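The structure under discussion appears below in the form of structure tokens.
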Amino acid sequence: MAPTTAKVLSVLLLLAIGGAECNPFFGNNYVLPQGARLANAANAVVRNLDAAQTQVRAYLVNPTSSRFLNAGATALREYVGNTTLLMGQMFREVAQVAVDRATAPAVVFTRLTLAVQGVSEWNRNVSQSLDVFKQVFNYGDNSNTASYMESLRNSFAKNVQELSEVLGRLGDAIVPIAGQQLNTQQFLEVASANGTLQQLQDVVESVVRLSSDYTASVTKLVAAVRTANDFQSRAYTLLRTNQASINTNVDRYSSASNTSFYRFLTAADSLLTHLKDTNESFVFRWPLLFSPAVQEKLNLLNQSIDHLTWNLVQRTATVAQNLQRTSALFKEGDNPLSYVRDEADLYTRVMLDVLYGENFCATGFLASFNALPVQVTALVTGCLTEQTNLESQGATQLVSLATSFLRPYVTANYGRLNICFQQPFDKMTECLENIVETIDFRGKFFLLDLASQLYFEQVQQELPSCNDRLLEFVRNSGLREACQIPGNAT
């Protein structure tokens with residue numbers, strides 16, 4: 001049937017209706033059955049939208065555990081608030097139109113058209129919320145939450161477009177009846193003749209199902225945000241507590257390490273002082289009686305003392321740097337608890353992924369994940385305890401080497417040299433040369449130098465390998481490995 005013919009028939013039908021003024025069908029108390037069903041559907045949409053808003057207002061917490069979770073909750077509030085306000089207003093107008101018995105069709109449909117036009121603002125506002133969802137609710141290559149909420153937005157927009165097209169046809173039908181003083185119910189009766197009212201009802205009823213899905217999704221997401229915030233708050237508290245424990249143990253280790261090292265330095269300084277005093281006393285007493293070979297050996301002793309002194313000064317600086325680097329690594333660097341914190345952020349995002357079904361891997365992972373901070377702290381404490389014991393034992397050995405071996409060694413050798421001066425003068429030089437030939441000051445001092453390097457520099461430099469082992473441990477126990485989640489949380 002041509003559009004012109006349809007409009008003529010509509011006008012004729014309206015004229016026939018207008019002539020039957022005594023028929024109670026056209027009284028102001030009458031509501032079309034289709035109009036009542038349309039109103040019920042529109043009101044159901046409004047109730048669903050309001051229910052989503054109630055979920056947000058009553059149950060969505062203000063997440064305090066992290067900025068990204070707080071930003072996601074704020075975006076969810078804005079998404080739901082804009083949807084309830086602008087989409088809700090449109091469907092309230094639809095419900096009013098469906099049962100209106102007094103207002104002229106042109107008035108009610110103008111009001112409804114204005115409400116439909118407000119949807120463009122809703123679309124802009126919701127798009128901003130979706131951008132936030134994509135940033136804060138995603139993990140790796142997964143953006144399920146943002147995609148699902150975007151699909152709901154697109155479905156709403158599609159239905160609004162369909163609603164707008166039906167309203168356009170109704171608007172065209174209003175023009176021919178201008179001035180006939182028909183109320184909206186009478187006009188809708190005419191519109192029902194060519195199926196337009198049924199089309200409007202079909203569109204709105206499809207939104208009922210969509211809005212129900214929307215409300216259920218918002219409810220799930222609100223609960224997920226609460227659960228994720230609770231988890232992240234507990235995880236961060238656990239991490240802070242265990243990091244504080246590690247910091248305390250690192251400080252204890254640093255203090256013990258300094259004590260051990262300076263115990264060795266004290267012994268070394270005492271040894272060097274003894275060597276210099278002994279050598280100077282010996283040389284001062286017999287300054288003109290030394291042959292070149294004896295003088296060279298005594299000079300070599302002084303050189304060995306100076307060399308060892310310089311090395312100890314350098315070693316003191318190196319040990320201090322090692323302690324500083326180790327402290328920074330275990331307290332704030334790329335350490336196991338920092339990795340666990342990243343895992344907590346990733347796990348928080350995984351917990352928000354509830355709109356496509358429950359993530360059983362994440363649920364089953366929780367117990368083992370919560371145990372990681374305590375395990376890491378115990379293992380770090382073990383490494384630091386072993387390191388402390390090694391350095392303490394090393395310092396004991398070095399002190400013994402300096403006081404129980406090198407000091408007596410020097411004293412004994414100078415004692416032997418002193419005996420030479422009791423020989424006849426012509427035998428004195430030969431005696432001194434024979435004895436100095438057997439003395440190995442440089443080798444003995446090198447032993448102390450090497451041992452101090454092994455017990456402090458090298459042992460301290462091996463401590464970061466404990467950090468590497470623990471990083472590997474938490475990676476192998478982490479969410480990415482357990483649940484095969486690719487990439488990093490962003």
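Letters for chains follow the order of the structure tokens (A, B, ...), residue numbers begin at 1 for each chain, and ligand numbers begin at 1 in the order shown.
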Please identify all polymer residues within 12 Å of Gln324 in chain A, counting only C-alpha atoms, omitting same-chain residues fewer than 3 positions from it, and present them as a ChimeraX atom specification. /A:250-251,253-255,257-258,317-321,327-333,460-461,464
Please save all heavy atoms of the selected residues as a short mmCIF file (atom, residue, chain, number, x, y, z; two decimals), in the first residue's frame.
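Output saved as result_7.cif:
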```
data_model
loop_
_atom_site.label_atom_id
_atom_site.label_comp_id
_atom_site.auth_asym_id
_atom_site.auth_seq_id
_atom_site.Cartn_x
_atom_site.Cartn_y
_atom_site.Cartn_z
N VAL A 250 66.82 -6.47 57.04
CA VAL A 250 67.91 -5.90 56.24
C VAL A 250 68.74 -4.95 57.10
O VAL A 250 69.98 -4.96 57.04
CB VAL A 250 67.36 -5.18 54.99
CG1 VAL A 250 68.44 -4.35 54.32
CG2 VAL A 250 66.80 -6.19 54.00
N ASP A 251 68.05 -4.13 57.89
CA ASP A 251 68.77 -3.20 58.78
C ASP A 251 69.61 -3.98 59.81
O ASP A 251 70.75 -3.58 60.11
CB ASP A 251 67.78 -2.28 59.49
CG ASP A 251 67.13 -1.29 58.54
OD1 ASP A 251 67.69 -1.06 57.45
OD2 ASP A 251 66.05 -0.75 58.87
N TYR A 253 70.83 -6.98 59.41
CA TYR A 253 71.96 -7.55 58.68
C TYR A 253 73.04 -6.49 58.44
O TYR A 253 74.24 -6.75 58.64
CB TYR A 253 71.51 -8.14 57.35
CG TYR A 253 72.63 -8.23 56.35
CD1 TYR A 253 73.67 -9.15 56.52
CD2 TYR A 253 72.69 -7.36 55.27
CE1 TYR A 253 74.73 -9.20 55.63
CE2 TYR A 253 73.73 -7.40 54.37
CZ TYR A 253 74.75 -8.32 54.56
OH TYR A 253 75.80 -8.36 53.68
N SER A 254 72.61 -5.31 58.00
CA SER A 254 73.58 -4.24 57.72
C SER A 254 74.36 -3.89 58.98
O SER A 254 75.58 -3.69 58.93
CB SER A 254 72.85 -3.00 57.18
OG SER A 254 72.21 -3.28 55.95
N SER A 255 73.67 -3.81 60.10
CA SER A 255 74.34 -3.50 61.37
C SER A 255 75.32 -4.60 61.75
O SER A 255 76.47 -4.34 62.15
CB SER A 255 73.29 -3.31 62.47
OG SER A 255 73.91 -3.09 63.72
N SER A 257 76.69 -6.75 59.70
CA SER A 257 77.77 -6.77 58.73
C SER A 257 78.82 -5.71 59.06
O SER A 257 80.03 -5.97 59.01
CB SER A 257 77.21 -6.54 57.32
OG SER A 257 78.24 -6.53 56.36
N ASN A 258 78.35 -4.52 59.38
CA ASN A 258 79.28 -3.46 59.77
C ASN A 258 80.07 -3.85 61.02
O ASN A 258 81.28 -3.61 61.10
CB ASN A 258 78.52 -2.16 60.03
CG ASN A 258 78.17 -1.43 58.75
OD1 ASN A 258 78.96 -1.42 57.81
ND2 ASN A 258 76.99 -0.83 58.70
N ALA A 317 85.11 1.10 51.40
CA ALA A 317 84.17 1.81 50.54
C ALA A 317 83.30 0.82 49.75
O ALA A 317 82.08 1.02 49.61
CB ALA A 317 84.93 2.72 49.57
N THR A 318 83.93 -0.27 49.27
CA THR A 318 83.17 -1.27 48.49
C THR A 318 82.12 -1.96 49.35
O THR A 318 80.98 -2.18 48.92
CB THR A 318 84.13 -2.32 47.90
OG1 THR A 318 85.09 -1.66 47.06
CG2 THR A 318 83.37 -3.36 47.09
N VAL A 319 82.50 -2.31 50.57
CA VAL A 319 81.56 -2.96 51.49
C VAL A 319 80.39 -2.04 51.78
O VAL A 319 79.22 -2.48 51.80
CB VAL A 319 82.29 -3.38 52.79
CG1 VAL A 319 81.28 -3.74 53.87
CG2 VAL A 319 83.21 -4.54 52.52
N ALA A 320 80.67 -0.76 51.99
CA ALA A 320 79.59 0.19 52.25
C ALA A 320 78.65 0.30 51.05
O ALA A 320 77.42 0.35 51.20
CB ALA A 320 80.18 1.56 52.59
N GLN A 321 79.22 0.30 49.83
CA GLN A 321 78.39 0.36 48.62
C GLN A 321 77.55 -0.91 48.47
O GLN A 321 76.38 -0.85 48.08
CB GLN A 321 79.28 0.56 47.40
CG GLN A 321 79.94 1.93 47.32
CD GLN A 321 80.94 2.02 46.19
OE1 GLN A 321 81.20 1.05 45.48
NE2 GLN A 321 81.53 3.20 46.03
N SER A 327 70.54 -3.12 50.52
CA SER A 327 69.42 -2.54 51.26
C SER A 327 68.38 -1.99 50.31
O SER A 327 67.17 -2.24 50.46
CB SER A 327 69.94 -1.44 52.19
OG SER A 327 68.87 -0.83 52.88
N ALA A 328 68.83 -1.24 49.29
CA ALA A 328 67.88 -0.66 48.32
C ALA A 328 67.16 -1.76 47.54
O ALA A 328 65.95 -1.66 47.26
CB ALA A 328 68.62 0.27 47.36
N LEU A 329 67.89 -2.83 47.20
CA LEU A 329 67.29 -3.92 46.43
C LEU A 329 66.17 -4.60 47.20
O LEU A 329 65.06 -4.77 46.69
CB LEU A 329 68.36 -4.94 46.06
CG LEU A 329 67.88 -6.21 45.33
CD1 LEU A 329 67.27 -5.84 43.99
CD2 LEU A 329 69.04 -7.18 45.14
N PHE A 330 66.43 -4.98 48.43
CA PHE A 330 65.44 -5.72 49.21
C PHE A 330 64.32 -4.82 49.75
O PHE A 330 63.23 -5.30 50.05
CB PHE A 330 66.11 -6.45 50.38
CG PHE A 330 66.80 -7.71 49.96
CD1 PHE A 330 68.17 -7.76 49.86
CD2 PHE A 330 66.07 -8.84 49.64
CE1 PHE A 330 68.82 -8.93 49.47
CE2 PHE A 330 66.70 -10.01 49.24
CZ PHE A 330 68.08 -10.05 49.16
N LYS A 331 64.60 -3.52 49.86
CA LYS A 331 63.59 -2.63 50.42
C LYS A 331 62.68 -2.03 49.35
O LYS A 331 61.47 -1.88 49.55
CB LYS A 331 64.25 -1.50 51.20
CG LYS A 331 64.83 -1.92 52.53
CD LYS A 331 65.39 -0.73 53.28
CE LYS A 331 65.92 -1.11 54.66
NZ LYS A 331 66.42 0.06 55.41
N GLU A 332 63.24 -1.67 48.20
CA GLU A 332 62.42 -0.92 47.24
C GLU A 332 62.73 -1.24 45.79
O GLU A 332 62.15 -0.64 44.88
CB GLU A 332 62.64 0.58 47.46
CG GLU A 332 64.09 1.01 47.36
CD GLU A 332 64.35 2.39 47.92
OE1 GLU A 332 63.66 2.79 48.87
OE2 GLU A 332 65.26 3.05 47.41
N GLY A 333 63.63 -2.18 45.53
CA GLY A 333 64.03 -2.45 44.16
C GLY A 333 63.16 -3.50 43.49
O GLY A 333 62.01 -3.73 43.87
N GLN A 460 79.28 -10.64 49.92
CA GLN A 460 78.21 -9.64 49.85
C GLN A 460 77.67 -9.50 48.44
O GLN A 460 76.46 -9.31 48.25
CB GLN A 460 78.73 -8.29 50.34
CG GLN A 460 78.92 -8.21 51.84
CD GLN A 460 79.44 -6.85 52.29
OE1 GLN A 460 80.01 -6.11 51.50
NE2 GLN A 460 79.20 -6.51 53.54
N GLN A 461 78.54 -9.62 47.46
CA GLN A 461 78.09 -9.50 46.08
C GLN A 461 77.24 -10.68 45.63
O GLN A 461 76.53 -10.60 44.63
CB GLN A 461 79.30 -9.34 45.16
CG GLN A 461 79.99 -7.99 45.28
CD GLN A 461 81.34 -7.94 44.61
OE1 GLN A 461 81.81 -8.94 44.05
NE2 GLN A 461 81.98 -6.78 44.65
N PRO A 464 72.67 -10.59 46.27
CA PRO A 464 71.58 -10.34 45.32
C PRO A 464 71.09 -11.58 44.59
O PRO A 464 69.97 -11.60 44.09
CB PRO A 464 72.19 -9.32 44.35
CG PRO A 464 73.21 -8.58 45.18
CD PRO A 464 73.78 -9.64 46.08
#
```
Nearest candidate to Ser151 in chain A (options A:Ile419, A:Leu130, A:Leu463, A:Ile174; using only C-alpha atoms): A:Leu130
Give me the residues near Tyr59 in chain A as a ChimeraX atom specification, where near means some atom within 10 Å (using only C-alpha atoms) and where sequence neighbours in that chain fewer than 2 positions away do not count. /A:53-57,61-62,219,222-223,225-226
Interatomic distance (Å, one decimal) between CA of Thr396 in chain A and CA of Leu300 in chain A: 27.7 Å
Per DSSP on the backbone, filter range 315-356 of chain A down to the residues in helix (DSSP H, G or I) and report them as a ChimeraX atom specification. /A:315-332,336-351
Export of prior selection with N, CA and C atoms as an mmCIF file, in the first residue's frame:
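New file part_37.cif:
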```
data_model
loop_
_atom_site.group_PDB
_atom_site.id
_atom_site.type_symbol
_atom_site.label_atom_id
_atom_site.label_comp_id
_atom_site.auth_asym_id
_atom_site.auth_seq_id
_atom_site.Cartn_x
_atom_site.Cartn_y
_atom_site.Cartn_z
ATOM 1 N N ARG A 315 88.413 -1.431 50.264
ATOM 2 C CA ARG A 315 87.448 -2.464 50.624
ATOM 3 C C ARG A 315 86.348 -1.887 51.527
ATOM 4 N N THR A 316 86.713 -0.977 52.389
ATOM 5 C CA THR A 316 85.719 -0.345 53.271
ATOM 6 C C THR A 316 84.660 0.373 52.442
ATOM 7 N N ALA A 317 85.110 1.097 51.405
ATOM 8 C CA ALA A 317 84.165 1.807 50.535
ATOM 9 C C ALA A 317 83.296 0.824 49.753
ATOM 10 N N THR A 318 83.927 -0.271 49.265
ATOM 11 C CA THR A 318 83.170 -1.271 48.487
ATOM 12 C C THR A 318 82.124 -1.963 49.347
ATOM 13 N N VAL A 319 82.502 -2.309 50.565
ATOM 14 C CA VAL A 319 81.561 -2.965 51.485
ATOM 15 C C VAL A 319 80.386 -2.040 51.783
ATOM 16 N N ALA A 320 80.669 -0.765 51.986
ATOM 17 C CA ALA A 320 79.588 0.194 52.250
ATOM 18 C C ALA A 320 78.652 0.297 51.050
ATOM 19 N N GLN A 321 79.216 0.304 49.834
ATOM 20 C CA GLN A 321 78.386 0.357 48.625
ATOM 21 C C GLN A 321 77.553 -0.907 48.470
ATOM 22 N N ASN A 322 78.162 -2.047 48.755
ATOM 23 C CA ASN A 322 77.414 -3.313 48.678
ATOM 24 C C ASN A 322 76.226 -3.316 49.629
ATOM 25 N N LEU A 323 76.469 -2.859 50.846
ATOM 26 C CA LEU A 323 75.384 -2.813 51.831
ATOM 27 C C LEU A 323 74.283 -1.870 51.376
ATOM 28 N N GLN A 324 74.659 -0.744 50.804
ATOM 29 C CA GLN A 324 73.664 0.231 50.338
ATOM 30 C C GLN A 324 72.834 -0.347 49.193
ATOM 31 N N ARG A 325 73.514 -1.005 48.232
ATOM 32 C CA ARG A 325 72.789 -1.594 47.106
ATOM 33 C C ARG A 325 71.873 -2.724 47.559
ATOM 34 N N THR A 326 72.383 -3.555 48.464
ATOM 35 C CA THR A 326 71.567 -4.664 48.972
ATOM 36 C C THR A 326 70.338 -4.145 49.711
ATOM 37 N N SER A 327 70.543 -3.116 50.522
ATOM 38 C CA SER A 327 69.422 -2.538 51.262
ATOM 39 C C SER A 327 68.379 -1.987 50.309
ATOM 40 N N ALA A 328 68.828 -1.240 49.288
ATOM 41 C CA ALA A 328 67.878 -0.664 48.318
ATOM 42 C C ALA A 328 67.160 -1.763 47.545
ATOM 43 N N LEU A 329 67.893 -2.833 47.202
ATOM 44 C CA LEU A 329 67.288 -3.916 46.426
ATOM 45 C C LEU A 329 66.168 -4.597 47.197
ATOM 46 N N PHE A 330 66.428 -4.976 48.433
ATOM 47 C CA PHE A 330 65.439 -5.716 49.213
ATOM 48 C C PHE A 330 64.325 -4.821 49.752
ATOM 49 N N LYS A 331 64.602 -3.520 49.860
ATOM 50 C CA LYS A 331 63.586 -2.629 50.415
ATOM 51 C C LYS A 331 62.678 -2.025 49.351
ATOM 52 N N GLU A 332 63.237 -1.673 48.204
ATOM 53 C CA GLU A 332 62.420 -0.924 47.240
ATOM 54 C C GLU A 332 62.729 -1.243 45.790
ATOM 55 N N PRO A 336 61.196 -9.542 45.258
ATOM 56 C CA PRO A 336 60.039 -10.452 45.189
ATOM 57 C C PRO A 336 58.722 -9.817 45.612
ATOM 58 N N LEU A 337 58.726 -9.019 46.681
ATOM 59 C CA LEU A 337 57.458 -8.428 47.129
ATOM 60 C C LEU A 337 56.957 -7.380 46.148
ATOM 61 N N SER A 338 57.862 -6.694 45.446
ATOM 62 C CA SER A 338 57.420 -5.764 44.401
ATOM 63 C C SER A 338 56.710 -6.528 43.294
ATOM 64 N N TYR A 339 57.256 -7.684 42.954
ATOM 65 C CA TYR A 339 56.604 -8.526 41.949
ATOM 66 C C TYR A 339 55.246 -9.006 42.450
ATOM 67 N N VAL A 340 55.186 -9.410 43.715
ATOM 68 C CA VAL A 340 53.906 -9.858 44.285
ATOM 69 C C VAL A 340 52.897 -8.710 44.256
ATOM 70 N N ARG A 341 53.358 -7.495 44.485
ATOM 71 C CA ARG A 341 52.450 -6.345 44.419
ATOM 72 C C ARG A 341 51.888 -6.182 43.004
ATOM 73 N N ASP A 342 52.757 -6.331 42.002
ATOM 74 C CA ASP A 342 52.277 -6.283 40.619
ATOM 75 C C ASP A 342 51.275 -7.403 40.364
ATOM 76 N N GLU A 343 51.551 -8.575 40.924
ATOM 77 C CA GLU A 343 50.625 -9.692 40.791
ATOM 78 C C GLU A 343 49.285 -9.373 41.469
ATOM 79 N N ALA A 344 49.347 -8.674 42.592
ATOM 80 C CA ALA A 344 48.108 -8.298 43.283
ATOM 81 C C ALA A 344 47.279 -7.360 42.407
ATOM 82 N N ASP A 345 47.947 -6.424 41.736
ATOM 83 C CA ASP A 345 47.231 -5.524 40.832
ATOM 84 C C ASP A 345 46.609 -6.299 39.671
ATOM 85 N N LEU A 346 47.385 -7.244 39.134
ATOM 86 C CA LEU A 346 46.864 -8.069 38.047
ATOM 87 C C LEU A 346 45.684 -8.904 38.538
ATOM 88 N N TYR A 347 45.837 -9.499 39.701
ATOM 89 C CA TYR A 347 44.770 -10.335 40.258
ATOM 90 C C TYR A 347 43.518 -9.505 40.527
ATOM 91 N N THR A 348 43.706 -8.260 40.960
ATOM 92 C CA THR A 348 42.565 -7.370 41.176
ATOM 93 C C THR A 348 41.787 -7.189 39.888
ATOM 94 N N ARG A 349 42.489 -7.002 38.796
ATOM 95 C CA ARG A 349 41.823 -6.835 37.502
ATOM 96 C C ARG A 349 41.139 -8.126 37.055
ATOM 97 N N VAL A 350 41.793 -9.253 37.332
ATOM 98 C CA VAL A 350 41.176 -10.538 36.978
ATOM 99 C C VAL A 350 39.871 -10.733 37.747
ATOM 100 N N MET A 351 39.854 -10.304 39.004
ATOM 101 C CA MET A 351 38.656 -10.452 39.825
ATOM 102 C C MET A 351 37.498 -9.601 39.303
#
```
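Across the structure, CA of Gly195 in chain A and CA of Arg47 in chain A are spaced 26.8 Å apart.
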Taking 6 positions as the minimum chain separation for residues in the same chain, which residues sit within 8 Å of range 368-379 of chain A when counting only C-alpha atoms? Answer as a list in words.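 Close residues of range 368-379 of chain A: Ala235, Leu238, Leu239, Asn242, Gln243, Ser245, Ile246, Pro336, Leu337, Val340, Leu470, Val474, Ser477, Gly478 and Leu479 of chain A.
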Output the selection as a compact mmCIF listing (two decimals), in the first residue's frame - N, CA, C and O atoms for each residue.
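Contents of out.txt, freshly written:
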```txt
# COMPACT_ATOMS: atom_id res chain seq x y z
N ALA A 235 45.75 -7.49 50.59
CA ALA A 235 47.04 -7.83 49.99
C ALA A 235 48.06 -6.74 50.25
O ALA A 235 49.22 -7.02 50.62
N LEU A 238 49.13 -6.85 53.83
CA LEU A 238 50.03 -7.98 54.02
C LEU A 238 51.42 -7.68 53.45
O LEU A 238 52.45 -7.98 54.07
N LEU A 239 51.44 -7.05 52.29
CA LEU A 239 52.72 -6.69 51.67
C LEU A 239 53.46 -5.65 52.49
O LEU A 239 54.68 -5.76 52.67
N ASN A 242 54.88 -7.37 55.65
CA ASN A 242 56.03 -8.23 55.37
C ASN A 242 57.22 -7.42 54.84
O ASN A 242 58.37 -7.77 55.13
N GLN A 243 56.93 -6.36 54.09
CA GLN A 243 58.04 -5.51 53.64
C GLN A 243 58.70 -4.83 54.83
O GLN A 243 59.92 -4.68 54.88
N SER A 245 58.88 -6.07 57.79
CA SER A 245 59.67 -7.11 58.44
C SER A 245 60.99 -7.32 57.70
O SER A 245 62.05 -7.45 58.33
N ILE A 246 60.92 -7.35 56.37
CA ILE A 246 62.15 -7.49 55.58
C ILE A 246 63.07 -6.29 55.80
O ILE A 246 64.29 -6.45 55.96
N PRO A 336 61.20 -9.54 45.26
CA PRO A 336 60.04 -10.45 45.19
C PRO A 336 58.72 -9.82 45.61
O PRO A 336 57.69 -10.04 44.98
N LEU A 337 58.73 -9.02 46.68
CA LEU A 337 57.46 -8.43 47.13
C LEU A 337 56.96 -7.38 46.15
O LEU A 337 55.74 -7.19 46.02
N VAL A 340 55.19 -9.41 43.71
CA VAL A 340 53.91 -9.86 44.28
C VAL A 340 52.90 -8.71 44.26
O VAL A 340 51.70 -8.92 44.01
N LEU A 470 64.51 -15.80 44.59
CA LEU A 470 63.16 -15.59 45.13
C LEU A 470 62.23 -14.99 44.08
O LEU A 470 61.04 -15.30 44.04
N VAL A 474 58.62 -16.61 43.04
CA VAL A 474 57.30 -15.99 43.02
C VAL A 474 56.73 -15.95 41.61
O VAL A 474 55.51 -16.01 41.42
N SER A 477 55.24 -19.20 41.03
CA SER A 477 54.04 -19.38 41.87
C SER A 477 52.98 -18.34 41.55
O SER A 477 51.93 -18.34 42.18
N GLY A 478 53.24 -17.46 40.59
CA GLY A 478 52.38 -16.31 40.37
C GLY A 478 51.18 -16.59 39.48
O GLY A 478 51.02 -17.68 38.93
N LEU A 479 50.37 -15.55 39.34
CA LEU A 479 49.11 -15.68 38.62
C LEU A 479 49.33 -15.94 37.13
O LEU A 479 48.62 -16.73 36.52
```
Against range 86-101 of chain A, which residues of range 131-232 of chain A fall within 7 Å? For each one I want the closest pair of atoms and the distance in Å (one decimal), counting only C-alpha atoms, rows by chain and increasing residue number, as a Markdown table.
```
| residue | atom | partner | partner_atom | distance |
| --- | --- | --- | --- | --- |
| A:Asn183 | CA | A:Arg101 | CA | 5.8 |
| A:Thr184 | CA | A:Arg101 | CA | 5.9 |
| A:Gln185 | CA | A:Arg101 | CA | 5.6 |
```
Å distance separating CA of Gln397 in chain A from CA of Leu265 in chain A, one decimal place: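 Computed distance, CA of Gln397 in chain A to CA of Leu265 in chain A, equals 12.5 Å.
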